[in-house]
Every structure is written in structure tokens, then in C-alpha cells.
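Chemist: Contents of entry-v8.txt (compact mmCIF, C-alpha atoms) are given next:
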```
# COMPACT_ATOMS: atom_id res chain seq x y z
CA MET V 59 -12.83 12.90 -22.58
CA ASP V 60 -11.43 15.70 -24.85
CA LEU V 61 -9.43 17.39 -22.10
CA GLN V 62 -7.58 14.17 -21.34
CA LYS V 63 -6.98 13.27 -25.00
CA GLN V 64 -5.52 16.70 -25.78
CA ASP V 65 -3.11 16.54 -22.87
CA LEU V 66 -1.88 13.02 -23.55
CA GLN V 67 -0.99 14.08 -27.10
CA THR V 68 1.07 17.07 -25.94
CA PRO V 69 4.84 16.48 -26.36
CA GLY V 70 7.32 17.20 -23.60
CA ALA V 71 5.37 15.86 -20.64
CA PRO V 72 6.65 17.12 -17.28
CA ALA V 73 9.19 14.99 -15.43
CA GLY V 74 7.54 12.29 -13.37
CA SER V 75 4.27 12.36 -15.30
CA GLU V 76 4.71 8.75 -16.38
CA PHE V 77 5.12 7.45 -12.83
CA ARG V 78 2.37 5.12 -11.68
CA ALA V 79 -0.20 7.02 -9.61
CA SER V 80 -0.74 6.15 -5.95
CA ASP V 81 -4.09 6.17 -4.18
CA ALA V 82 -2.99 9.15 -2.08
CA GLU V 83 -2.48 11.10 -5.32
CA ARG V 84 -5.89 10.01 -6.62
CA ASP V 85 -7.42 11.13 -3.34
CA ARG V 86 -5.74 14.56 -3.64
CA ILE V 87 -7.11 15.08 -7.16
CA ALA V 88 -10.57 13.96 -6.07
CA ASP V 89 -10.50 16.52 -3.22
CA ILE V 90 -9.70 19.32 -5.69
CA LEU V 91 -12.60 18.22 -7.92
CA HIS V 92 -14.82 18.04 -4.84
CA ASP V 93 -14.00 21.69 -3.99
CA ALA V 94 -14.46 22.79 -7.62
CA LEU V 95 -17.97 21.33 -7.65
CA ALA V 96 -18.83 23.12 -4.40
CA GLU V 97 -17.51 26.42 -5.85
CA GLY V 98 -19.60 26.02 -8.99
CA ARG V 99 -16.60 25.66 -11.31
CA LEU V 100 -17.81 22.22 -12.43
CA THR V 101 -21.28 20.94 -13.13
CA ALA V 102 -22.44 17.72 -11.49
CA ASP V 103 -22.00 15.85 -14.79
CA GLU V 104 -18.49 17.23 -15.32
CA HIS V 105 -17.55 16.32 -11.76
CA ALA V 106 -18.88 12.76 -12.11
CA GLU V 107 -17.04 12.31 -15.42
CA ARG V 108 -13.73 13.53 -14.02
CA VAL V 109 -13.98 11.50 -10.80
CA ASP V 110 -14.60 8.41 -12.91
CA GLY V 111 -11.48 9.26 -14.91
CA VAL V 112 -9.46 9.75 -11.72
CA LEU V 113 -10.39 6.28 -10.51
CA ARG V 114 -9.31 4.82 -13.85
CA ALA V 115 -6.08 6.80 -14.25
CA LYS V 116 -2.85 4.84 -14.24
CA THR V 117 -0.15 7.54 -14.16
CA VAL V 118 0.47 10.88 -12.43
CA GLY V 119 0.26 12.65 -15.78
CA GLU V 120 -3.19 11.24 -16.47
CA LEU V 121 -4.37 12.44 -13.04
CA GLU V 122 -3.12 16.01 -13.50
CA VAL V 123 -5.18 16.35 -16.69
CA PHE V 124 -8.43 16.43 -14.73
CA ILE V 125 -7.46 19.55 -12.72
CA ARG V 126 -5.30 21.37 -15.28
CA ASP V 127 -8.00 24.02 -15.88
CA LEU V 128 -8.78 24.60 -12.18
CA PRO V 129 -7.11 27.41 -10.16
CA ALA V 130 -6.59 25.16 -7.14
CA ALA V 131 -4.20 22.97 -9.13
CA HIS V 132 -1.86 25.93 -9.66
CA ARG V 133 -2.10 27.29 -6.12
CA ARG V 134 -0.90 24.05 -4.56
CA GLY V 135 2.80 23.47 -4.16
CA PRO V 136 4.48 20.13 -4.78
CA ALA V 137 2.83 17.30 -2.89
CA ALA V 138 4.61 16.52 0.36
CA MET V 139 6.45 13.23 0.46
CA PRO V 140 4.99 10.79 2.97
CA ALA V 141 7.06 10.21 6.07
CA PRO V 142 8.91 6.88 5.99
CA ALA V 143 7.64 4.14 8.25
CA PRO V 144 9.47 3.86 11.59
CA TYR V 145 12.05 1.12 11.93
CA ARG V 146 10.52 -0.19 15.16
CA PRO V 147 6.88 -0.89 15.96
CA THR V 148 5.07 1.47 18.31
CA ALA V 149 5.66 0.57 21.94
CA GLY V 150 2.76 -1.49 23.27
CA ALA V 151 1.08 -1.86 19.86
CA ILE V 152 2.11 -5.50 19.38
CA PRO V 153 1.11 -8.19 21.92
CA MET V 154 3.77 -10.49 23.31
CA ASP V 155 1.78 -13.64 22.52
CA PRO V 156 1.59 -14.64 18.85
CA ASP V 157 -1.66 -14.82 16.92
CA ASP V 158 -0.17 -17.63 14.85
CA ASN V 159 2.71 -20.09 15.26
CA VAL V 160 4.18 -21.56 12.08
CA VAL V 161 6.52 -24.45 12.89
CA ALA V 162 8.54 -26.68 10.55
CA VAL V 163 10.85 -29.29 12.09
CA PHE V 164 12.37 -31.57 9.45
CA SER V 165 9.35 -30.57 7.36
CA GLY V 166 7.66 -27.67 5.60
CA ALA V 167 4.91 -25.27 6.71
CA VAL V 168 2.98 -22.74 4.61
CA ARG V 169 0.66 -19.82 5.36
CA LYS V 170 -0.84 -18.16 2.29
CA GLY V 171 -4.08 -17.13 0.59
CA ARG V 172 -6.94 -14.85 1.60
CA ARG V 173 -6.65 -14.84 5.38
CA ARG V 174 -6.40 -12.27 8.15
CA ALA V 175 -2.89 -11.28 9.18
CA GLY V 176 -2.44 -11.22 12.95
CA ARG V 177 -0.43 -8.57 14.74
CA ARG V 178 2.30 -11.06 15.72
CA ILE V 179 3.33 -14.20 13.85
CA HIS V 180 6.07 -16.57 15.05
CA ALA V 181 7.89 -18.72 12.50
CA TYR V 182 10.27 -21.57 13.45
CA ALA V 183 12.19 -23.46 10.78
CA ILE V 184 14.48 -26.15 12.25
CA PHE V 185 15.94 -28.33 9.54
CA GLY V 186 12.81 -27.36 7.61
CA SER V 187 11.21 -24.55 5.61
CA VAL V 188 8.49 -22.01 6.40
CA GLU V 189 6.68 -19.94 3.79
CA ILE V 190 4.54 -16.97 4.86
CA ASP V 191 2.81 -15.26 1.96
CA LEU V 192 0.82 -12.15 2.96
CA SER V 193 0.27 -10.96 -0.62
CA GLU V 194 -3.45 -11.79 -0.45
CA ALA V 195 -3.93 -11.27 3.29
CA LEU V 196 -6.46 -8.96 4.95
CA PHE V 197 -4.72 -6.49 7.25
CA ASP V 198 -6.83 -5.49 10.25
CA HIS V 199 -3.85 -3.81 11.93
CA GLN V 200 -1.38 -1.26 10.63
CA GLN V 201 1.61 -2.91 12.34
CA VAL V 202 2.49 -6.59 11.99
CA VAL V 203 5.54 -8.32 13.49
CA ILE V 204 6.87 -11.61 12.11
CA LYS V 205 9.34 -13.16 14.54
CA SER V 206 11.44 -15.61 12.53
CA PHE V 207 13.93 -18.24 13.69
CA ALA V 208 15.74 -20.37 11.12
CA VAL V 209 18.16 -23.02 12.41
CA PHE V 210 19.55 -25.10 9.57
CA GLY V 211 16.34 -24.11 7.79
CA SER V 212 14.66 -21.26 5.90
CA VAL V 213 11.87 -18.75 6.45
CA ASP V 214 10.57 -17.12 3.27
CA ILE V 215 8.23 -14.11 3.65
CA ARG V 216 6.32 -12.29 0.91
CA VAL V 217 4.31 -9.08 1.31
CA PRO V 218 2.23 -6.89 -1.07
CA GLU V 219 4.06 -4.13 -2.94
CA ASN V 220 2.09 -1.29 -1.35
CA VAL V 221 2.97 -1.98 2.29
CA SER V 222 6.08 -0.86 4.19
CA LEU V 223 8.63 -3.54 5.10
CA ARG V 224 11.31 -3.36 7.79
CA GLY V 225 13.97 -5.81 9.03
CA MET V 226 15.16 -5.92 12.64
CA GLY V 227 16.98 -9.27 12.94
CA GLY V 228 20.35 -10.77 12.11
CA GLY V 229 22.27 -13.86 11.07
CA VAL V 230 24.81 -16.13 12.79
CA LEU V 231 26.66 -18.03 10.08
CA GLY V 232 23.41 -17.55 8.18
CA SER V 233 21.56 -15.07 5.98
CA PHE V 234 18.98 -12.54 7.23
CA GLU V 235 17.80 -10.42 4.28
CA VAL V 236 14.85 -8.02 4.27
CA ASP V 237 14.18 -5.71 1.33
CA THR V 238 13.33 -2.36 2.96
CA LEU V 239 10.15 -0.98 1.41
CA ASP V 240 8.32 2.33 1.92
CA SER V 241 4.69 2.66 0.91
CA SER V 242 3.37 5.93 -0.50
CA GLU V 243 0.17 5.35 1.51
CA PRO V 244 0.21 6.88 5.02
CA GLU V 245 -2.36 4.30 6.17
CA ALA V 246 -0.56 1.31 4.67
CA PRO V 247 0.38 -1.59 6.96
CA VAL V 248 3.98 -1.89 8.15
CA VAL V 249 5.43 -5.41 8.37
CA TYR V 250 8.40 -5.81 10.74
CA VAL V 251 10.51 -8.95 10.32
CA ASP V 252 12.56 -9.78 13.42
CA GLY V 253 14.54 -12.80 14.59
CA TRP V 254 17.66 -14.78 13.74
CA ALA V 255 19.05 -17.05 11.07
CA VAL V 256 21.53 -19.56 12.52
CA LEU V 257 23.17 -21.60 9.78
CA GLY V 258 19.97 -20.94 7.86
CA SER V 259 18.18 -18.12 6.06
CA VAL V 260 15.40 -15.60 6.63
CA GLU V 261 14.26 -13.65 3.59
CA ALA V 262 11.47 -11.08 3.19
CA ARG V 263 10.59 -9.13 0.08
CA PRO V 264 7.56 -7.75 -1.82
CA LYS V 265 5.70 -9.98 -4.25
CA ARG V 266 5.47 -8.32 -7.65
CA GLY V 267 1.99 -7.41 -8.81
CA ARG V 268 0.34 -7.95 -5.42
CA PHE V 269 -1.32 -5.07 -3.55
CA VAL V 270 -3.41 -4.60 -0.43
CA ALA V 271 -6.90 -4.10 -1.85
CA ASP V 272 -8.25 -2.69 1.42
CA ILE V 273 -6.39 0.60 0.91
CA LEU V 274 -7.84 1.06 -2.56
CA ASP V 275 -11.33 0.25 -1.30
CA ARG V 276 -11.11 2.89 1.43
CA VAL V 277 -10.03 5.59 -1.03
CA GLN V 278 -12.78 4.71 -3.52
CA ARG V 279 -15.43 4.69 -0.78
CA LYS V 280 -14.29 8.15 0.32
CA VAL V 281 -14.51 9.51 -3.24
CA ASP V 282 -17.92 7.92 -3.81
CA LYS V 283 -19.22 9.35 -0.54
CA GLY V 284 -18.12 12.87 -1.51
CA LEU V 285 -19.67 12.49 -4.95
CA ARG V 286 -23.02 11.35 -3.55
CA LYS V 287 -23.01 14.19 -1.01
CA HIS V 288 -22.62 16.88 -3.66
CA LEU V 289 -25.01 15.31 -6.14
CA ASP V 290 -27.68 15.17 -3.42
CA HIS V 291 -26.88 18.78 -2.54
```
Could you take the file, read its structure, and then write that structure out as C-alpha cells?

Modeler:
Amino acid sequence: MDLQKQDLQTPGAPAGSEFRASDAERDRIADILHDALAEGRLTADEHAERVDGVLRAKTVGELEVFIRDLPAAHRRGPAAMPAPAPYRPTAGAIPMDPDDNVVAVFSGAVRKGRRRAGRRIHAYAIFGSVEIDLSEALFDHQQVVIKSFAVFGSVDIRVPENVSLRGMGGGVLGSFEVDTLDSSEPEAPVVYVDGWAVLGSVEARPKRGRFVADILDRVQRKVDKGLRKHLDH
């Protein structure tokens, strides 16, 4: 697309233009294109071409190219930063009984792969090791609590990079480490890691290169629905 090629060759790109684009930012650009089509500023073919480019764009700078010649892009102020995820789950949102118990006593236990993540998971590592890998999990709920107890053992938790991650536990002569993570997606799941490490370790951090595909699918379905609506119109 000529408009995109011209912009990418322009020196002195604005600060932040090389940041990786989030799905919320793609959705914002798609909404502007949606309005431009309704106002008659874009033809159906131009709109379809630009929406396709939005879905393929990798950086914020590439996204802004597709609305640079539209008045709405210059009327909008800076995009509001998403509110950080709360440090405690919503009262009453998480059941008291676990959906899954992962127990390792003088042994090892693993939960990983393409599986549904329950709202509450209990992990017990007593002279053993537990691995919970949610990097490929399907999240049906926005809030997930992992209650972890490591006694002379270890609990190792991995989450996708585009969720929010919070730690609420502690250690007694042990290590309880949770890498706090804030997603740019307001609808992204929040994983709360709670519990204790007694002469053991509990560790939770994002797994590089892994993302919750469900969020991306929802955004793309929304864009496709808007495109079909206006093309039919």
C-alpha cells in the first residue's frame, strides 16, 4: 500500500512508533476506519484494504499510517492508559473449592498444554515439584487464583505474556517470587498467585512468546463484523 510505504520511509518517526502494537490499539484504529467508511471518506475497497493492513501491523507506527489522512486521527487526544489490574480478586468471584488440585509429595506433578484454566487451582509441593503452565490454556474466566503451598518443594507457574499477573503470598525461610505483570488489554485474564513457601519456593512469571489467542480472536471477530456490516450496507 503506497500510503504505508511512504510513511515507513519517512525519517524521524515519532517517539513510541516502534513499540509493538496491542489489540486494543488495533481495535481503536479499526473503529476510526469504520467511522470513515460510514462518513464516505473511504470507499469500501479502501476500507477493506486498510483493515487488512491493521490486522497485519506489528508496531504502533505501522497502525497510525492507516489513519494519518483522516480528520478523526487528529481530533483524538493521546490514548488513555488502561487501568492496572487490581491486586486482589473481586469479592465473591472465585469459589472456595478448587477446580483442580495438583499434588506432588516426594514426586513431580505437571499441568500444561491446551486445556481450560479453572477459576481456582490448588498446588501442593511437599518434598516434590509442581509445574503449572498456562501459556497455552483457554481462559473462560477473567480472574484465576492459584493457591500454592511449597514445603521443602517447588511450585513453578508460567502464564502468557498478555495477561495480568499478581502475587499475594509470602515465604517462611523460603522464596515466594511473582513477576507483576499488567496487560494492555482491559479484557485480559488476571492470574493471582497466593500461598506460602516454607523452606521451598513458589515462582510465577510470564512465558516469553506465549499469548492468549482468545483475546486476539475476539478483536478480529469484532473488526470482521463491522466490515461485513458496512459492505452489506

Chemist: Mind working out the centre and edge lengths of an axis-aligned box for region 226-237 of chain V, all listed atoms inside, 3 Å added to each side, rounded to one decimal in Å and written as AutoDock Vina command-line options?

Modeler:
```
--center_x 20.4 --center_y -11.9 --center_z 7.1 --size_x 18.5 --size_y 18.3 --size_z 17.6
```

Chemist: What is the CA of Ala143 (chain V)-CA of Val251 (chain V) distance in Å, reported with one decimal?

Modeler: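 CA of Ala143 (chain V) sits 13.6 Å away from CA of Val251 (chain V).
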
Chemist: Tell me which of V:Val160, V:Ala175, V:Ile204, V:Ile190 sits closest to Met226 (chain V), counting all atoms listed in the file.

Modeler: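 Using all atoms listed in the file, Met226 (chain V) sits closest to V:Ile204.
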
Chemist: Enumerate, as a ChimeraX atom specification, the protein, DNA and RNA residues whose atoms approach (18.2, -24.7, 7.8) to within 7 Å, taking into account all atoms listed in the file and the coordinate frame of the file.

Modeler: /V:183-186,208-212,257-259

Chemist: What separation in Å, quoted to one decimal, exists between CA of His180 (chain V) and CA of Pro153 (chain V)?

Modeler: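 So the two atoms, CA of His180 (chain V) and CA of Pro153 (chain V), lie 11.9 Å apart.
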
Chemist: Could I get the residues of region 158-206 of chain V with an atom no further than 7 Å from an atom of region 228-249 of chain V, each paired with its nearest atom pair and that distance in Å to one decimal, using all atoms listed in the file, sorted by chain and residue number, as CSV?

Modeler:
```
residue,atom,partner,partner_atom,distance
V:His199,CA,V:Pro247,CA,6.9
V:Gln200,CA,V:Pro247,CA,4.1
V:Gln201,CA,V:Val248,CA,4.9
V:Val202,CA,V:Val249,CA,4.8
V:Val203,CA,V:Val249,CA,5.9
```

Chemist: Filtering to C-alpha atoms, could you give me those residues as a PDB file, in the frame of the given file?

Modeler:
```
ATOM      1  CA  HIS V 199      -3.850  -3.810  11.930  1.00  0.00           C
ATOM      2  CA  GLN V 200      -1.380  -1.260  10.630  1.00  0.00           C
ATOM      3  CA  GLN V 201       1.610  -2.910  12.340  1.00  0.00           C
ATOM      4  CA  VAL V 202       2.490  -6.590  11.990  1.00  0.00           C
ATOM      5  CA  VAL V 203       5.540  -8.320  13.490  1.00  0.00           C
TER       6      VAL V 203
END
```

Chemist: By how many Å are CA of Ser80 (chain V) and CA of Arg174 (chain V) apart?

Modeler: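 CA of Ser80 (chain V) sits 23.9 Å away from CA of Arg174 (chain V).
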
Chemist: I'd like the contact shell of Glu189 (chain V) - 12 Å cut-off, all atoms listed in the file, skipping same-chain residues fewer than 4 positions apart - returned as a PDB file with C-alpha atoms, in the coordinates of the input.

Modeler:
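Dumped to result14.pdb:
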```
ATOM      1  CA  VAL V 160       4.180 -21.560  12.080  1.00  0.00           C
ATOM      2  CA  VAL V 161       6.520 -24.450  12.890  1.00  0.00           C
ATOM      3  CA  ALA V 162       8.540 -26.680  10.550  1.00  0.00           C
ATOM      4  CA  SER V 165       9.350 -30.570   7.360  1.00  0.00           C
ATOM      5  CA  GLY V 166       7.660 -27.670   5.600  1.00  0.00           C
ATOM      6  CA  ALA V 167       4.910 -25.270   6.710  1.00  0.00           C
ATOM      7  CA  VAL V 168       2.980 -22.740   4.610  1.00  0.00           C
ATOM      8  CA  ARG V 169       0.660 -19.820   5.360  1.00  0.00           C
ATOM      9  CA  LYS V 170      -0.840 -18.160   2.290  1.00  0.00           C
ATOM     10  CA  GLY V 171      -4.080 -17.130   0.590  1.00  0.00           C
ATOM     11  CA  HIS V 180       6.070 -16.570  15.050  1.00  0.00           C
ATOM     12  CA  ALA V 181       7.890 -18.720  12.500  1.00  0.00           C
ATOM     13  CA  TYR V 182      10.270 -21.570  13.450  1.00  0.00           C
ATOM     14  CA  ALA V 183      12.190 -23.460  10.780  1.00  0.00           C
ATOM     15  CA  SER V 193       0.270 -10.960  -0.620  1.00  0.00           C
ATOM     16  CA  ILE V 204       6.870 -11.610  12.110  1.00  0.00           C
ATOM     17  CA  SER V 206      11.440 -15.610  12.530  1.00  0.00           C
ATOM     18  CA  ALA V 208      15.740 -20.370  11.120  1.00  0.00           C
ATOM     19  CA  GLY V 211      16.340 -24.110   7.790  1.00  0.00           C
ATOM     20  CA  SER V 212      14.660 -21.260   5.900  1.00  0.00           C
ATOM     21  CA  VAL V 213      11.870 -18.750   6.450  1.00  0.00           C
ATOM     22  CA  ASP V 214      10.570 -17.120   3.270  1.00  0.00           C
ATOM     23  CA  ILE V 215       8.230 -14.110   3.650  1.00  0.00           C
ATOM     24  CA  ARG V 216       6.320 -12.290   0.910  1.00  0.00           C
ATOM     25  CA  VAL V 217       4.310  -9.080   1.310  1.00  0.00           C
ATOM     26  CA  SER V 259      18.180 -18.120   6.060  1.00  0.00           C
ATOM     27  CA  VAL V 260      15.400 -15.600   6.630  1.00  0.00           C
ATOM     28  CA  GLU V 261      14.260 -13.650   3.590  1.00  0.00           C
ATOM     29  CA  ALA V 262      11.470 -11.080   3.190  1.00  0.00           C
TER      30      ALA V 262
END
```

Chemist: Go through V:Arg108, V:Arg173, V:Arg263, V:Arg78 and flag the residue nearest Arg126 (chain V), using only C-alpha atoms for the distances.

Modeler: V:Arg108

Chemist: For Met154 (chain V), which residue out of V:Ala195, V:Ser222, V:Arg177, V:Ser187 is the nearest one, using all atoms listed in the file?

Modeler: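 Once distances to Met154 (chain V) are computed over all atoms listed in the file, the minimum belongs to V:Arg177.
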
Chemist: May I ask which of the residues V:Phe197, V:Phe164, V:Phe124, V:Phe207 is the closest one to Val112 (chain V), counting all atoms listed in the file?

Modeler: V:Phe124

Chemist: Could you check which of V:Val109, V:Val256, V:Leu196, V:Val270 is closest to Pro218 (chain V), using only C-alpha atoms?

Modeler: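 Nearest to Pro218 (chain V): V:Val270.
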
Chemist: Check the smallest atom-to-atom distance from each of V:His105, V:Arg266, V:Lys116, V:Arg224 to Ile90 (chain V) using all atoms listed in the file, then report the winner.

Modeler: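 Using all atoms listed in the file, Ile90 (chain V) sits closest to V:His105.
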
Chemist: Mind checking which residues fall within 8 Å of Ile125 (chain V), counting all atoms listed in the file, ignoring those fewer than 4 positions away in the same chain, and posting them as a ChimeraX atom specification?

Modeler: /V:87,90-91,121,130-131

Chemist: Take region 152-163 of chain V, model all heavy atoms, and hand the result over as a PDB file, in the coordinates of the input.

Modeler:
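Resulting contents of part-v7.pdb:
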```
ATOM      1  N   ILE V 152       2.064  -4.082  19.762  1.00  0.00           N
ATOM      2  CA  ILE V 152       2.110  -5.500  19.380  1.00  0.00           C
ATOM      3  C   ILE V 152       2.078  -6.360  20.636  1.00  0.00           C
ATOM      4  O   ILE V 152       2.897  -6.182  21.542  1.00  0.00           O
ATOM      5  CB  ILE V 152       3.386  -5.808  18.567  1.00  0.00           C
ATOM      6  CG1 ILE V 152       3.521  -4.852  17.392  1.00  0.00           C
ATOM      7  CG2 ILE V 152       3.375  -7.252  18.099  1.00  0.00           C
ATOM      8  CD1 ILE V 152       2.404  -4.949  16.381  1.00  0.00           C
ATOM      9  N   PRO V 153       1.163  -7.306  20.739  1.00  0.00           N
ATOM     10  CA  PRO V 153       1.110  -8.190  21.920  1.00  0.00           C
ATOM     11  C   PRO V 153       2.318  -9.100  21.980  1.00  0.00           C
ATOM     12  O   PRO V 153       2.964  -9.376  20.960  1.00  0.00           O
ATOM     13  CB  PRO V 153      -0.186  -8.981  21.697  1.00  0.00           C
ATOM     14  CG  PRO V 153      -0.381  -8.979  20.216  1.00  0.00           C
ATOM     15  CD  PRO V 153       0.129  -7.652  19.736  1.00  0.00           C
ATOM     16  N   MET V 154       2.630  -9.584  23.149  1.00  0.00           N
ATOM     17  CA  MET V 154       3.770 -10.490  23.310  1.00  0.00           C
ATOM     18  C   MET V 154       3.438 -11.897  22.815  1.00  0.00           C
ATOM     19  O   MET V 154       4.302 -12.611  22.324  1.00  0.00           O
ATOM     20  CB  MET V 154       4.178 -10.552  24.782  1.00  0.00           C
ATOM     21  CG  MET V 154       4.721  -9.237  25.322  1.00  0.00           C
ATOM     22  SD  MET V 154       6.153  -8.623  24.389  1.00  0.00           S
ATOM     23  CE  MET V 154       7.340  -9.923  24.703  1.00  0.00           C
ATOM     24  N   ASP V 155       2.177 -12.295  22.959  1.00  0.00           N
ATOM     25  CA  ASP V 155       1.780 -13.640  22.520  1.00  0.00           C
ATOM     26  C   ASP V 155       1.426 -13.611  21.036  1.00  0.00           C
ATOM     27  O   ASP V 155       0.730 -12.704  20.561  1.00  0.00           O
ATOM     28  CB  ASP V 155       0.573 -14.124  23.331  1.00  0.00           C
ATOM     29  CG  ASP V 155       0.901 -14.312  24.803  1.00  0.00           C
ATOM     30  OD1 ASP V 155       2.068 -14.646  25.104  1.00  0.00           O
ATOM     31  OD2 ASP V 155       0.010 -14.108  25.639  1.00  0.00           O
ATOM     32  N   PRO V 156       1.862 -14.617  20.282  1.00  0.00           N
ATOM     33  CA  PRO V 156       1.590 -14.640  18.850  1.00  0.00           C
ATOM     34  C   PRO V 156       0.137 -14.979  18.529  1.00  0.00           C
ATOM     35  O   PRO V 156      -0.513 -15.736  19.258  1.00  0.00           O
ATOM     36  CB  PRO V 156       2.539 -15.724  18.334  1.00  0.00           C
ATOM     37  CG  PRO V 156       2.693 -16.655  19.496  1.00  0.00           C
ATOM     38  CD  PRO V 156       2.673 -15.772  20.722  1.00  0.00           C
ATOM     39  N   ASP V 157      -0.355 -14.426  17.441  1.00  0.00           N
ATOM     40  CA  ASP V 157      -1.660 -14.820  16.920  1.00  0.00           C
ATOM     41  C   ASP V 157      -1.567 -16.117  16.129  1.00  0.00           C
ATOM     42  O   ASP V 157      -2.563 -16.812  15.947  1.00  0.00           O
ATOM     43  CB  ASP V 157      -2.223 -13.705  16.016  1.00  0.00           C
ATOM     44  CG  ASP V 157      -2.440 -12.405  16.765  1.00  0.00           C
ATOM     45  OD1 ASP V 157      -3.134 -12.444  17.791  1.00  0.00           O
ATOM     46  OD2 ASP V 157      -1.907 -11.367  16.327  1.00  0.00           O
ATOM     47  N   ASP V 158      -0.351 -16.425  15.659  1.00  0.00           N
ATOM     48  CA  ASP V 158      -0.170 -17.630  14.850  1.00  0.00           C
ATOM     49  C   ASP V 158       1.256 -18.131  15.011  1.00  0.00           C
ATOM     50  O   ASP V 158       2.210 -17.345  14.966  1.00  0.00           O
ATOM     51  CB  ASP V 158      -0.458 -17.315  13.370  1.00  0.00           C
ATOM     52  CG  ASP V 158      -0.505 -18.558  12.495  1.00  0.00           C
ATOM     53  OD1 ASP V 158      -0.584 -19.676  13.042  1.00  0.00           O
ATOM     54  OD2 ASP V 158      -0.474 -18.410  11.260  1.00  0.00           O
ATOM     55  N   ASN V 159       1.413 -19.432  15.222  1.00  0.00           N
ATOM     56  CA  ASN V 159       2.710 -20.090  15.260  1.00  0.00           C
ATOM     57  C   ASN V 159       2.853 -20.967  14.021  1.00  0.00           C
ATOM     58  O   ASN V 159       1.992 -21.812  13.762  1.00  0.00           O
ATOM     59  CB  ASN V 159       2.857 -20.963  16.511  1.00  0.00           C
ATOM     60  CG  ASN V 159       3.176 -20.147  17.746  1.00  0.00           C
ATOM     61  OD1 ASN V 159       4.119 -19.361  17.765  1.00  0.00           O
ATOM     62  ND2 ASN V 159       2.395 -20.336  18.798  1.00  0.00           N
ATOM     63  N   VAL V 160       3.921 -20.748  13.274  1.00  0.00           N
ATOM     64  CA  VAL V 160       4.180 -21.560  12.080  1.00  0.00           C
ATOM     65  C   VAL V 160       5.471 -22.324  12.341  1.00  0.00           C
ATOM     66  O   VAL V 160       6.546 -21.715  12.425  1.00  0.00           O
ATOM     67  CB  VAL V 160       4.308 -20.689  10.823  1.00  0.00           C
ATOM     68  CG1 VAL V 160       4.310 -21.563   9.573  1.00  0.00           C
ATOM     69  CG2 VAL V 160       3.185 -19.660  10.744  1.00  0.00           C
ATOM     70  N   VAL V 161       5.377 -23.635  12.459  1.00  0.00           N
ATOM     71  CA  VAL V 161       6.520 -24.450  12.890  1.00  0.00           C
ATOM     72  C   VAL V 161       6.811 -25.517  11.837  1.00  0.00           C
ATOM     73  O   VAL V 161       5.913 -26.224  11.382  1.00  0.00           O
ATOM     74  CB  VAL V 161       6.236 -25.127  14.250  1.00  0.00           C
ATOM     75  CG1 VAL V 161       7.438 -25.944  14.697  1.00  0.00           C
ATOM     76  CG2 VAL V 161       5.874 -24.073  15.297  1.00  0.00           C
ATOM     77  N   ALA V 162       8.097 -25.636  11.477  1.00  0.00           N
ATOM     78  CA  ALA V 162       8.540 -26.680  10.550  1.00  0.00           C
ATOM     79  C   ALA V 162       9.809 -27.305  11.115  1.00  0.00           C
ATOM     80  O   ALA V 162      10.853 -26.653  11.180  1.00  0.00           O
ATOM     81  CB  ALA V 162       8.791 -26.112   9.163  1.00  0.00           C
ATOM     82  N   VAL V 163       9.713 -28.539  11.568  1.00  0.00           N
ATOM     83  CA  VAL V 163      10.850 -29.290  12.090  1.00  0.00           C
ATOM     84  C   VAL V 163      11.048 -30.510  11.204  1.00  0.00           C
ATOM     85  O   VAL V 163      10.201 -31.414  11.193  1.00  0.00           O
ATOM     86  CB  VAL V 163      10.621 -29.712  13.554  1.00  0.00           C
ATOM     87  CG1 VAL V 163      11.832 -30.483  14.078  1.00  0.00           C
ATOM     88  CG2 VAL V 163      10.349 -28.493  14.434  1.00  0.00           C
TER      89      VAL V 163
END
```
